[in-house]
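File shown here: structure_29.csv, holding CSV, C-alpha atoms.
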chain,number,residue,atom,x,y,z
A,6,MET,CA,94.3,112.5,14.3
A,7,HIS,CA,96.5,114.3,11.7
A,8,SER,CA,94.9,117.6,11.9
A,9,PHE,CA,96.8,120.9,12.0
A,10,GLY,CA,96.0,121.4,15.7
A,11,TYR,CA,97.3,117.9,16.6
A,12,ARG,CA,100.5,118.4,14.8
A,13,ALA,CA,101.1,121.9,16.2
A,14,ASN,CA,100.4,120.6,19.7
A,15,ALA,CA,102.9,117.7,19.2
A,16,LEU,CA,105.5,120.1,17.8
A,17,VAL,CA,105.2,122.7,20.6
A,18,THR,CA,105.2,120.0,23.3
A,19,PHE,CA,108.3,118.4,21.9
A,20,ALA,CA,110.1,121.8,21.6
A,21,VAL,CA,109.3,122.8,25.2
A,22,THR,CA,110.4,119.4,26.4
A,23,ILE,CA,113.7,119.6,24.6
A,24,LEU,CA,114.2,123.2,25.9
A,25,ALA,CA,113.5,122.0,29.4
A,26,VAL,CA,115.9,119.1,29.2
A,27,MET,CA,118.7,121.3,27.8
A,28,CYS,CA,118.2,123.9,30.5
A,29,SER,CA,118.4,121.2,33.1
A,30,LEU,CA,121.5,119.7,31.5
A,31,ALA,CA,123.2,123.2,31.4
A,32,SER,CA,122.4,123.7,35.1
A,33,LEU,CA,123.6,120.2,36.0
A,34,SER,CA,126.8,120.6,34.1
A,35,ASP,CA,127.8,123.4,36.6
A,36,ASN,CA,128.2,120.7,39.2
A,37,PHE,CA,131.3,119.4,37.4
A,38,ASN,CA,133.1,122.7,37.9
A,39,VAL,CA,135.1,122.8,41.1
A,40,PRO,CA,136.1,126.4,41.6
A,41,THR,CA,139.4,127.3,43.3
A,42,PRO,CA,139.1,131.0,44.1
A,43,THR,CA,141.7,133.0,45.9
A,44,ALA,CA,141.1,136.2,47.8
A,45,ASP,CA,143.0,138.6,50.1
A,46,VAL,CA,141.5,141.6,51.9
A,47,LYS,CA,143.7,144.1,53.8
A,48,VAL,CA,142.4,146.8,56.1
A,49,LEU,CA,144.7,149.7,55.1
A,50,ASN,CA,143.3,152.4,57.4
A,51,ILE,CA,140.7,153.1,60.0
A,52,ASN,CA,139.4,156.5,58.6
A,53,TRP,CA,137.3,157.3,61.6
A,54,PHE,CA,135.7,155.4,64.4
A,55,GLN,CA,133.0,157.0,66.6
A,56,LYS,CA,129.8,156.5,68.5
A,57,GLN,CA,126.6,157.8,66.9
A,58,PRO,CA,124.3,160.0,69.0
A,59,ASN,CA,121.9,157.0,69.2
A,60,GLY,CA,124.6,154.9,70.8
A,61,ASN,CA,125.6,152.7,67.9
A,62,ASP,CA,129.3,152.4,67.0
A,63,GLU,CA,130.2,153.3,63.5
A,64,VAL,CA,133.6,152.8,61.8
A,65,SER,CA,134.9,153.8,58.4
A,66,LEU,CA,137.6,151.5,56.8
A,67,THR,CA,139.8,151.7,53.8
A,68,LEU,CA,140.1,148.2,52.2
A,69,ASN,CA,142.3,146.6,49.7
A,70,ILE,CA,140.6,143.7,48.1
A,71,SER,CA,142.2,141.4,45.6
A,72,ALA,CA,140.7,138.2,44.3
A,73,ASP,CA,140.8,135.7,41.5
A,74,LEU,CA,137.4,134.3,40.8
A,75,SER,CA,137.9,133.2,37.2
A,76,SER,CA,137.6,129.5,38.0
A,77,MET,CA,133.9,130.1,38.9
A,78,PHE,CA,132.9,130.9,35.4
A,79,THR,CA,131.4,128.2,33.2
A,80,TRP,CA,129.4,128.4,30.0
A,81,ASN,CA,126.3,128.7,32.1
A,82,THR,CA,127.4,131.6,34.2
A,83,LYS,CA,125.8,134.9,33.7
A,84,GLN,CA,127.6,136.8,36.4
A,85,VAL,CA,129.2,136.4,39.8
A,86,PHE,CA,128.0,138.7,42.6
A,87,VAL,CA,130.8,139.2,45.1
A,88,PHE,CA,130.8,141.0,48.4
A,89,VAL,CA,133.0,141.4,51.5
A,90,ALA,CA,131.3,141.3,54.9
A,91,ALA,CA,132.5,141.9,58.4
A,92,GLU,CA,131.4,139.2,60.7
A,93,TYR,CA,131.7,139.2,64.5
A,94,GLU,CA,130.0,138.1,67.6
A,95,THR,CA,128.8,140.4,70.4
A,96,ALA,CA,127.2,139.8,73.8
A,97,GLN,CA,123.8,140.6,72.4
A,98,ASN,CA,124.1,139.0,68.9
A,99,ALA,CA,125.4,135.6,68.1
A,100,LEU,CA,126.2,136.7,64.6
A,101,ASN,CA,126.6,140.1,63.0
A,102,GLN,CA,127.1,140.2,59.2
A,103,VAL,CA,127.7,143.7,57.8
A,104,SER,CA,128.3,144.0,54.1
A,105,LEU,CA,131.1,146.5,53.4
A,106,TRP,CA,131.6,146.3,49.7
A,107,ASP,CA,130.1,144.5,46.8
A,108,GLY,CA,130.5,144.2,43.1
A,109,ILE,CA,129.2,142.4,40.0
A,110,ILE,CA,131.6,140.5,37.8
A,111,PRO,CA,130.1,140.2,34.4
A,112,SER,CA,132.6,137.9,32.7
A,113,LYS,CA,135.7,135.8,33.2
A,114,GLU,CA,138.0,138.5,31.9
A,115,HIS,CA,137.0,140.7,34.8
A,116,ALA,CA,137.2,138.0,37.4
A,117,LYS,CA,140.8,138.7,38.5
A,118,PHE,CA,140.6,142.1,40.2
A,119,TRP,CA,142.2,144.4,42.6
A,120,ILE,CA,140.4,147.3,44.2
A,121,HIS,CA,141.3,150.0,46.7
A,122,THR,CA,138.1,151.3,48.4
A,123,THR,CA,136.5,152.7,51.5
A,124,ASN,CA,133.5,150.7,52.7
A,125,LYS,CA,130.6,151.2,50.4
A,126,TYR,CA,127.9,150.4,53.0
A,127,ARG,CA,128.1,151.8,56.5
A,128,PHE,CA,129.7,149.6,59.1
A,129,ILE,CA,127.3,150.2,62.0
A,130,ASP,CA,127.0,147.9,65.0
A,131,GLN,CA,123.7,147.3,66.9
A,132,GLY,CA,125.0,148.9,70.1
A,133,SER,CA,128.4,149.9,71.2
A,134,ASN,CA,130.6,146.8,71.0
A,135,LEU,CA,133.2,147.6,68.3
A,136,ARG,CA,136.0,148.9,70.5
A,137,GLY,CA,138.8,146.4,70.4
A,138,LYS,CA,136.6,143.9,68.6
A,139,ASP,CA,138.1,141.0,66.7
A,140,PHE,CA,136.3,140.4,63.5
A,141,ASN,CA,136.4,138.3,60.3
A,142,LEU,CA,136.3,139.6,56.8
A,143,THR,CA,134.5,137.1,54.6
A,144,LEU,CA,134.5,137.2,50.8
A,145,HIS,CA,131.2,135.8,49.7
A,146,TRP,CA,130.3,135.0,46.1
A,147,HIS,CA,127.0,134.2,44.5
A,148,VAL,CA,127.1,132.6,41.1
A,149,MET,CA,124.1,133.6,39.0
A,150,PRO,CA,123.6,131.2,36.1
A,151,LYS,CA,122.1,131.8,32.7
A,152,THR,CA,119.5,129.2,33.7
A,153,GLY,CA,119.1,126.8,36.7
A,154,LYS,CA,120.5,126.5,40.1
A,155,MET,CA,122.4,129.3,41.8
A,156,PHE,CA,125.6,128.6,43.8
A,157,ALA,CA,127.1,130.5,46.7
A,158,ASP,CA,130.2,130.0,48.9
A,159,LYS,CA,132.7,132.1,50.8
A,160,ILE,CA,136.3,132.5,52.0
A,161,VAL,CA,136.7,133.5,55.6
A,162,MET,CA,139.7,135.6,56.6
A,163,THR,CA,140.4,136.0,60.3
A,164,GLY,CA,142.5,138.1,62.5
A,165,TYR,CA,141.2,141.6,62.0
A,166,ARG,CA,140.9,143.9,65.0
A,167,LEU,CA,139.3,147.3,65.6
A,168,PRO,CA,141.1,149.9,67.7
A,169,GLU,CA,140.5,150.2,71.4
A,170,GLU,CA,139.7,153.9,71.2
A,171,TYR,CA,137.4,156.1,69.1
A,172,ARG,CA,139.2,158.3,66.6
B,19,MET,CA,58.2,104.0,14.9
B,20,GLY,CA,59.9,102.6,17.9
B,21,TRP,CA,63.4,102.3,16.3
B,22,ILE,CA,63.6,106.0,15.3
B,23,GLY,CA,63.0,107.0,18.9
B,24,ASP,CA,65.6,104.5,20.0
B,25,SER,CA,68.2,105.9,17.7
B,26,VAL,CA,67.5,109.5,18.6
B,27,GLU,CA,67.8,108.5,22.2
B,28,SER,CA,71.1,106.8,21.6
B,29,ILE,CA,72.5,109.8,19.8
B,30,ARG,CA,71.4,112.1,22.5
B,31,SER,CA,72.9,109.9,25.2
B,32,LEU,CA,76.1,109.7,23.2
B,33,GLN,CA,76.3,113.5,23.1
B,34,ILE,CA,75.7,113.8,26.8
B,35,ARG,CA,78.5,111.2,27.4
B,36,HIS,CA,80.8,113.1,25.0
B,37,LEU,CA,80.0,116.3,26.8
B,38,LEU,CA,80.6,114.8,30.2
B,39,THR,CA,84.0,113.3,29.0
B,40,GLN,CA,85.0,116.8,27.8
B,41,ILE,CA,84.0,118.4,31.1
B,42,ILE,CA,85.9,115.8,33.1
B,43,SER,CA,89.0,116.2,30.9
B,44,LEU,CA,88.8,119.9,31.4
B,45,GLY,CA,88.5,119.4,35.1
B,46,MET,CA,91.5,117.0,35.1
B,47,ILE,CA,93.7,119.8,33.5
B,48,VAL,CA,92.6,122.3,36.1
B,49,THR,CA,93.0,120.0,39.0
B,50,SER,CA,96.4,118.6,37.9
B,51,ALA,CA,97.7,122.2,37.6
B,52,LEU,CA,96.4,122.8,41.1
B,53,ILE,CA,98.0,119.5,42.3
B,54,ILE,CA,101.4,120.6,40.9
B,55,TRP,CA,101.2,124.0,42.5
B,56,LYS,CA,100.2,122.6,45.9
B,57,GLY,CA,102.8,119.9,45.6
B,58,LEU,CA,105.5,122.4,45.0
B,59,MET,CA,104.3,124.4,48.0
B,60,CYS,CA,104.8,121.2,50.1
B,61,ILE,CA,108.2,120.4,48.7
B,62,THR,CA,109.6,124.0,48.9
B,63,GLY,CA,107.9,125.0,52.1
B,64,SER,CA,107.2,128.4,50.6
B,65,GLU,CA,103.7,129.8,50.2
B,66,SER,CA,104.6,130.9,46.6
B,67,PRO,CA,107.2,128.4,45.2
B,68,VAL,CA,107.6,130.4,42.0
B,69,VAL,CA,107.7,134.1,41.6
B,70,VAL,CA,108.0,136.4,38.5
B,71,VAL,CA,110.5,139.3,38.7
B,72,LEU,CA,108.5,142.4,38.0
B,73,SER,CA,111.1,145.2,38.4
B,74,GLY,CA,114.6,145.8,37.3
B,75,SER,CA,116.0,146.4,40.8
B,76,MET,CA,118.2,143.2,40.6
B,77,GLU,CA,119.5,143.8,37.1
B,78,PRO,CA,121.7,142.5,35.5
B,79,GLY,CA,121.2,139.3,37.5
B,80,PHE,CA,117.4,139.2,37.3
B,81,LYS,CA,115.5,141.0,34.6
B,82,ARG,CA,111.8,141.7,34.4
B,83,GLY,CA,110.0,138.6,33.3
B,84,ASP,CA,112.5,136.1,34.7
B,85,ILE,CA,111.2,133.3,37.0
B,86,LEU,CA,112.7,132.5,40.4
B,87,PHE,CA,112.2,129.2,42.3
B,88,LEU,CA,111.9,129.8,46.0
B,89,HIS,CA,112.8,127.5,48.9
B,90,MET,CA,112.0,128.0,52.5
B,91,ASN,CA,113.4,126.0,55.4
B,92,LYS,CA,114.5,126.4,59.0
B,93,ASP,CA,118.1,127.5,58.0
B,94,PRO,CA,118.8,131.0,59.2
B,95,ILE,CA,118.9,133.8,56.7
B,96,ARG,CA,122.5,134.9,55.9
B,97,ALA,CA,124.0,137.9,54.1
B,98,GLY,CA,124.2,137.5,50.3
B,99,GLU,CA,121.1,135.4,50.0
B,100,ILE,CA,118.4,136.6,47.7
B,101,VAL,CA,115.1,136.6,49.6
B,102,VAL,CA,111.5,137.4,48.7
B,103,PHE,CA,109.8,139.4,51.4
B,104,HIS,CA,106.7,141.3,51.9
B,105,VAL,CA,106.4,144.6,53.6
B,106,ASP,CA,103.4,145.6,55.7
B,107,GLY,CA,101.2,147.9,53.6
B,108,ARG,CA,102.6,146.7,50.3
B,109,GLU,CA,100.8,144.1,48.3
B,110,ILE,CA,103.5,142.9,45.9
B,111,PRO,CA,106.4,141.0,47.4
B,112,ILE,CA,110.0,142.2,46.7
B,113,VAL,CA,113.0,140.1,45.6
B,114,HIS,CA,116.2,141.6,46.9
B,115,ARG,CA,119.6,140.6,48.4
B,116,VAL,CA,120.4,140.5,52.1
B,117,ILE,CA,123.3,142.8,53.0
B,118,LYS,CA,123.2,142.9,56.8
B,119,VAL,CA,122.2,140.3,59.4
B,120,HIS,CA,122.1,140.6,63.1
B,121,GLU,CA,121.1,137.5,64.9
B,122,ARG,CA,120.2,137.6,68.7
B,123,GLN,CA,122.2,135.5,71.1
B,124,ASP,CA,119.3,134.4,73.3
B,125,THR,CA,116.2,134.2,71.1
B,126,GLY,CA,117.8,133.6,67.7
B,127,GLU,CA,115.7,136.4,66.2
B,128,VAL,CA,117.2,138.1,63.2
B,129,ASP,CA,117.3,141.6,62.0
B,130,ILE,CA,117.8,141.7,58.2
B,131,LEU,CA,118.6,144.6,55.8
B,132,THR,CA,118.1,144.1,52.1
B,133,LYS,CA,119.2,146.0,48.9
B,134,GLY,CA,118.5,145.5,45.2
B,135,ASP,CA,121.7,144.9,43.3
B,136,ASN,CA,120.8,147.6,40.8
B,137,ASN,CA,119.6,150.1,43.4
B,138,PHE,CA,121.8,152.8,44.8
B,139,GLY,CA,120.8,152.6,48.4
B,140,ASP,CA,119.4,150.0,50.8
B,141,ASP,CA,115.7,149.1,51.1
B,142,ARG,CA,114.8,151.2,54.2
B,143,LEU,CA,112.9,153.6,52.0
B,144,LEU,CA,110.8,150.7,50.7
B,145,TYR,CA,110.0,149.3,54.2
B,146,ALA,CA,107.0,150.4,56.2
B,147,HIS,CA,107.4,153.9,57.7
B,148,GLY,CA,109.9,153.8,60.5
B,149,GLN,CA,110.9,150.2,59.9
B,150,LEU,CA,114.6,149.7,60.1
B,151,TRP,CA,114.9,145.9,59.8
B,152,LEU,CA,113.1,142.9,58.4
B,153,GLN,CA,112.3,140.0,60.7
B,154,GLN,CA,112.0,136.3,59.9
B,155,HIS,CA,108.2,136.5,59.5
B,156,HIS,CA,108.5,139.0,56.6
B,157,ILE,CA,110.5,136.5,54.6
B,158,MET,CA,108.6,134.3,52.1
B,159,GLY,CA,111.5,132.3,50.8
B,160,ARG,CA,115.0,132.5,49.3
B,161,ALA,CA,115.7,132.2,45.6
B,162,VAL,CA,117.5,129.0,44.7
B,163,GLY,CA,116.9,128.7,41.0
B,164,PHE,CA,116.4,130.8,38.0
B,165,LEU,CA,114.7,130.5,34.6
B,166,PRO,CA,114.8,133.4,32.1
B,167,TYR,CA,111.9,135.0,30.1
B,168,VAL,CA,109.2,132.5,31.1
B,169,GLY,CA,107.5,135.0,33.4
B,170,TRP,CA,106.6,137.2,30.5
B,171,VAL,CA,103.6,135.0,30.0
B,172,THR,CA,102.1,136.0,33.3
B,173,ILE,CA,103.2,139.6,33.0
B,174,ILE,CA,101.4,139.9,29.6
B,175,MET,CA,98.4,138.2,31.0
B,176,THR,CA,98.1,140.4,34.0
B,177,GLU,CA,98.7,143.6,32.1
B,178,LYS,CA,96.6,142.8,29.1
B,179,PRO,CA,93.7,140.8,30.6
B,180,ILE,CA,92.0,140.5,27.2
B,181,ILE,CA,94.7,138.2,26.0
B,182,LYS,CA,94.1,136.0,29.0
B,183,TYR,CA,90.4,135.7,28.3
B,184,LEU,CA,91.0,135.1,24.6
B,185,LEU,CA,93.5,132.3,25.5
B,186,ILE,CA,91.2,130.7,28.0
B,187,GLY,CA,88.3,130.9,25.6
B,188,ALA,CA,90.3,129.4,22.7
B,189,LEU,CA,91.7,126.6,24.9
B,190,GLY,CA,88.2,125.9,26.3
B,191,LEU,CA,86.7,125.7,22.8
B,192,LEU,CA,89.5,123.4,21.7
B,193,VAL,CA,88.9,121.0,24.6
B,194,ILE,CA,85.1,121.0,24.2
B,195,THR,CA,85.2,120.5,20.4
B,196,SER,CA,88.2,118.0,20.2
B,197,LYS,CA,87.1,114.5,19.2
B,198,ASP,CA,89.6,111.9,20.5

Final structure tokens representation of the file:
Amino acid sequence: MHSFGYRANALVTFAVTILAVMCSLASLSDNFNVPTPTADVKVLNINWFQKQPNGNDEVSLTLNISADLSSMFTWNTKQVFVFVAAEYETAQNALNQVSLWDGIIPSKEHAKFWIHTTNKYRFIDQGSNLRGKDFNLTLHWHVMPKTGKMFADKIVMTGYRLPEEYR
Amino acid sequence: MGWIGDSVESIRSLQIRHLLTQIISLGMIVTSALIIWKGLMCITGSESPVVVVLSGSMEPGFKRGDILFLHMNKDPIRAGEIVVFHVDGREIPIVHRVIKVHERQDTGEVDILTKGDNNFGDDRLLYAHGQLWLQQHHIMGRAVGFLPYVGWVTIIMTEKPIIKYLLIGALGLLVITSKD
């Protein structure tokens, strides 16, 4: 009954239980945080816009992204993954999401940022539908916790339009 | 002489009963583990509800040895989600983030492109030869929860099988010899 093995077992079980409870509580506490992020993305320039030999449209953009995501950080936040995607509808596809830029925000101090960049990933359509296309730019974020549940949400910015002609 | 035979008989039957109890309790441990695993499969809808991160391709978000909880439902896959997928010809599934999605208007089929946060380029080099997109049937689940370090237990056990056998042997011995 009071052997070494019995006591060791009781101690380990208790320690693991407490650890599990604390991890769950840390994860649950994230639910009390209501983030109020702000973001603004400007398309400064269409660098070039052409049809690839295989028939897909490709466009290169220069973007200005500014955002304040500091309200997302809680004590259980390891990092925030943030990315900007172009989203549009075509005759063939109900939804096209093309990631243009992404970044990892390691801490609250870096969560208010401003960046001037060309698209990091290629903006290629499935087909040739981009001329004169209206599209949304969506800033998505993915909160990765130290432990527990991950959160994700987005801000949709509308009213962007690609030129009518290749250039 | 009858009473000696009786007492020997009673001891023997006691030992058999004791042995049977131990075997049953061992069986209970194994089956309850199985029940938990299969139950998780039902709840999450994923064929492997828990996966261990094996590579550093998602660092610093997920490190080697972290555990991910997967969930699978009818919701369509969207950009930004972290999915676990298997590629034809590769045994070990991969955990990466979706960066591009094209969803068909008529059939609702999706073309998905993934990338590891820590990798320089997208995953087309990891896909089967000539494969440009992942389809829905490649996806095993999306990651919804995260637990650090716990996966090291399985990594150590798969890479150093001797530790696994030692552990199983010690636990088995403990169960067989325990007297409560």

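Closest approach to chain B from the set A:Lys113, A:Lys154, A:Lys138, A:Lys159 is made by A:Lys154, with distances taken over only C-alpha atoms.
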
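Using only C-alpha atoms, the smallest distance between any of A:Met155, A:Ile120, A:Ala13, A:Leu74 and chain B comes from A:Met155.
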
Could you list, as a ChimeraX atom specification, every residue of chain A that has an atom within 7 Å of an atom of chain B, counting all atoms listed in the file? /A:84,97-104,149,152-155

Selection to disk with C-alpha atoms, as a tab-separated table (two decimals), keeping the file's coordinate frame:
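Produced file result_7.tsv, reproduced below:
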chain	number	residue	atom	x	y	z
A	84	GLN	CA	127.60	136.80	36.40
A	97	GLN	CA	123.80	140.60	72.40
A	98	ASN	CA	124.10	139.00	68.90
A	99	ALA	CA	125.40	135.60	68.10
A	100	LEU	CA	126.20	136.70	64.60
A	101	ASN	CA	126.60	140.10	63.00
A	102	GLN	CA	127.10	140.20	59.20
A	103	VAL	CA	127.70	143.70	57.80
A	104	SER	CA	128.30	144.00	54.10
A	149	MET	CA	124.10	133.60	39.00
A	152	THR	CA	119.50	129.20	33.70
A	153	GLY	CA	119.10	126.80	36.70
A	154	LYS	CA	120.50	126.50	40.10
A	155	MET	CA	122.40	129.30	41.80

Atom-to-atom span, atom CA of Tyr171 of chain A and atom CA of Gly60 of chain A, Å: 13.0 Å

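For the atom pair formed by atom CA of Ser133 of chain A and atom CA of Asp62 of chain A, the distance is 5.0 Å, given to one decimal.
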
Long-range neighbours of Lys125 of chain A as a PyMOL selection string, 9 Å cut-off, all atoms listed in the file, 5 positions minimum in chain: chain A and resi 104-107
